[in-house]
Amino acid sequence: MVYKNLLNGEIFTLFYNSLPKDDRSSPTLSQRPDNVLTLKKNDAATEYKYIFDAKYRINPAYEGKPYFERYRMPGPEEDDINTMHRYRDAIVYSEGQGKEYERSMFGAYVLFPYHDEERFQQHKFYKSVELINIGAFPFLPNSTSLMEKFLDEIIMDSPEKAYERTTRPRGTKEYYGNKLSGKNVLVGALSKRPQLEAALEHGFYHTPLRNITNHKVLTRLEYVALYQSIRLFGADEAGISWYGRVKDWKVVPRSAITAIPSSRGATDELYVVFEVFEWVKRERAIVPAGHGIYRILYTTDYMLNRAKEVSELRLETEEELRDWREKRRAGKVKVTLDREHLDLGSAVLGIGVTSSD
């Protein structure tokens, strides 16, 4: 059964007594959970998959029994929880022959017959849902509120939040820290209107070498984007509309850049000239919205492709990125910095949701 989230257009699919096609081939034994819910989220290539397995039994936790000593209240059988661990570890996906297998289930949960939902919130197997994304939910005709609340949460989760719910391998935080630090885009401010015309006509962008304090970054840059300030271009044209993939770069004296004369006359000051394959115009500009770029800013192509306001290009840590995407799903996001110009600022002061106009 396929459903569409009317709030954001995302698709979710429910499989009964079967697995999604990509998960049916196991290198060991096939698995057959009762229900698998898959969520296809915007801005994510991964499908987020969750197992809900109905078990028609409950451990009553009689006093004096081991189950009572461990949990102090009725709940699902331990064997059923172990089955959820097995499902999540055994159902894997490979992109093709010879490719590595990856665990494709993000969570697995027992649905068991119990009526006291308020009491069950103190059970270890309910708390484990938040900790490792494996656990249990009471599920009777008049006892579905915990299940409904959880479904609402995972449907509205951002991709980062969905990924964070599952148990991640040791070292993941360091891996993503390195990934986010790989800034491969230079966003350069235009110093005058004719610079835009020359850049678009001749396929290049130039900036003084002194603006690039760390010359090693030149070898990592893959894209250049052009920032048009409100002062030079007015509110209607301001922002980032053009970007291009770097074909080559070189350091030359300003006098060698003849496509656009220097307002200070020919000089020997060194400039970096980035040649691009072609300039691409964004469908919608990244708007200033109270912030700007004074000289140059480094960011990632990931953020360049997703930002709506220039301040969002300043997000640098995994925590900031996760917070931003989580809040963007709830509405228009406003990133506040400690300075008007992103490249002169040093800190993100806050990420909030504003009302849509």
# chains A, B, ... in the order shown; residues from 1 in each chain; ligands from 1

call {"tool": "select_by_dssp", "arguments": {"residues": "segment 37-256 of chain A", "states": "helix (DSSP H, G or I)", "output": "PyMOL selection string"}}
result
chain A and resi 66-71+78-90+117-120+124-132+145-156+159-165+172-181+193-202+209-211+215-219+230-237+254-256

call {"tool": "residues_around", "arguments": {"residues": "Asp79 of chain A", "least_positions_apart": "6", "cutoff": "12 Å", "atoms": "only C-alpha atoms", "output": "ChimeraX atom specification"}}
result
/A:55,57-59,67,85-86,110,135

call {"tool": "atom_distance", "arguments": {"atom1": "atom CA of Pro33 of chain A", "atom2": "atom CA of Leu131 of chain A"}}
result
21.8 Å

call {"tool": "closest_residue", "arguments": {"among": "A:Glu117, A:Trp324, A:Asn35, A:Ala198", "to": "Pro261 of chain A", "atoms": "only C-alpha atoms"}}
result
A:Ala198

call {"tool": "residues_around", "arguments": {"residues": "Tyr302 of chain A", "least_positions_apart": "2", "cutoff": "10 Å", "atoms": "only C-alpha atoms", "output": "list in words"}}
result
Leu180, Lys183, Asn184, Val185, Thr299, Thr300, Leu304, Asn305, Arg306, Ala307 and Leu313 of chain A

call {"tool": "residues_around", "arguments": {"residues": "Ala54 of chain A", "least_positions_apart": "5", "cutoff": "8 Å", "atoms": "only C-alpha atoms", "output": "list in words"}}
result
Asp34, Val110, Leu111 and Phe112 of chain A

call {"tool": "decode", "arguments": {"residues": "segment 55-68 of chain A", "atoms": "N, CA and C atoms", "output": "PDB file, in the first residue's frame"}}
result
ATOM      1  N   LYS A  55       3.006  -9.579  17.688  1.00  0.00           N
ATOM      2  CA  LYS A  55       3.187 -10.789  18.489  1.00  0.00           C
ATOM      3  C   LYS A  55       1.994 -10.900  19.437  1.00  0.00           C
ATOM      4  N   TYR A  56       1.263 -11.978  19.315  1.00  0.00           N
ATOM      5  CA  TYR A  56       0.022 -12.108  20.080  1.00  0.00           C
ATOM      6  C   TYR A  56       0.267 -12.783  21.420  1.00  0.00           C
ATOM      7  N   ARG A  57       1.277 -12.313  22.119  1.00  0.00           N
ATOM      8  CA  ARG A  57       1.547 -12.867  23.439  1.00  0.00           C
ATOM      9  C   ARG A  57       2.187 -11.791  24.309  1.00  0.00           C
ATOM     10  N   ILE A  58       2.025 -11.962  25.599  1.00  0.00           N
ATOM     11  CA  ILE A  58       2.534 -11.011  26.575  1.00  0.00           C
ATOM     12  C   ILE A  58       3.041 -11.793  27.777  1.00  0.00           C
ATOM     13  N   ASN A  59       4.107 -11.326  28.369  1.00  0.00           N
ATOM     14  CA  ASN A  59       4.584 -11.918  29.613  1.00  0.00           C
ATOM     15  C   ASN A  59       3.919 -11.173  30.759  1.00  0.00           C
ATOM     16  N   PRO A  60       3.110 -11.849  31.580  1.00  0.00           N
ATOM     17  CA  PRO A  60       2.356 -11.161  32.636  1.00  0.00           C
ATOM     18  C   PRO A  60       3.215 -10.691  33.805  1.00  0.00           C
ATOM     19  N   ALA A  61       4.473 -11.083  33.844  1.00  0.00           N
ATOM     20  CA  ALA A  61       5.405 -10.652  34.896  1.00  0.00           C
ATOM     21  C   ALA A  61       4.886 -11.017  36.288  1.00  0.00           C
ATOM     22  N   TYR A  62       4.645 -12.300  36.498  1.00  0.00           N
ATOM     23  CA  TYR A  62       4.205 -12.751  37.823  1.00  0.00           C
ATOM     24  C   TYR A  62       5.325 -12.558  38.838  1.00  0.00           C
ATOM     25  N   GLU A  63       4.946 -12.160  40.043  1.00  0.00           N
ATOM     26  CA  GLU A  63       5.940 -11.968  41.097  1.00  0.00           C
ATOM     27  C   GLU A  63       6.690 -13.267  41.351  1.00  0.00           C
ATOM     28  N   GLY A  64       7.987 -13.128  41.559  1.00  0.00           N
ATOM     29  CA  GLY A  64       8.837 -14.288  41.792  1.00  0.00           C
ATOM     30  C   GLY A  64       9.432 -14.866  40.524  1.00  0.00           C
ATOM     31  N   LYS A  65       8.924 -14.438  39.374  1.00  0.00           N
ATOM     32  CA  LYS A  65       9.451 -14.925  38.101  1.00  0.00           C
ATOM     33  C   LYS A  65      10.589 -14.008  37.622  1.00  0.00           C
ATOM     34  N   PRO A  66      11.536 -14.555  36.843  1.00  0.00           N
ATOM     35  CA  PRO A  66      12.669 -13.738  36.376  1.00  0.00           C
ATOM     36  C   PRO A  66      12.243 -12.478  35.620  1.00  0.00           C
ATOM     37  N   TYR A  67      11.167 -12.579  34.824  1.00  0.00           N
ATOM     38  CA  TYR A  67      10.730 -11.415  34.051  1.00  0.00           C
ATOM     39  C   TYR A  67      10.324 -10.273  34.988  1.00  0.00           C
ATOM     40  N   PHE A  68       9.614 -10.606  36.064  1.00  0.00           N
ATOM     41  CA  PHE A  68       9.203  -9.588  37.032  1.00  0.00           C
ATOM     42  C   PHE A  68      10.423  -8.960  37.700  1.00  0.00           C
TER      43      PHE A  68
END
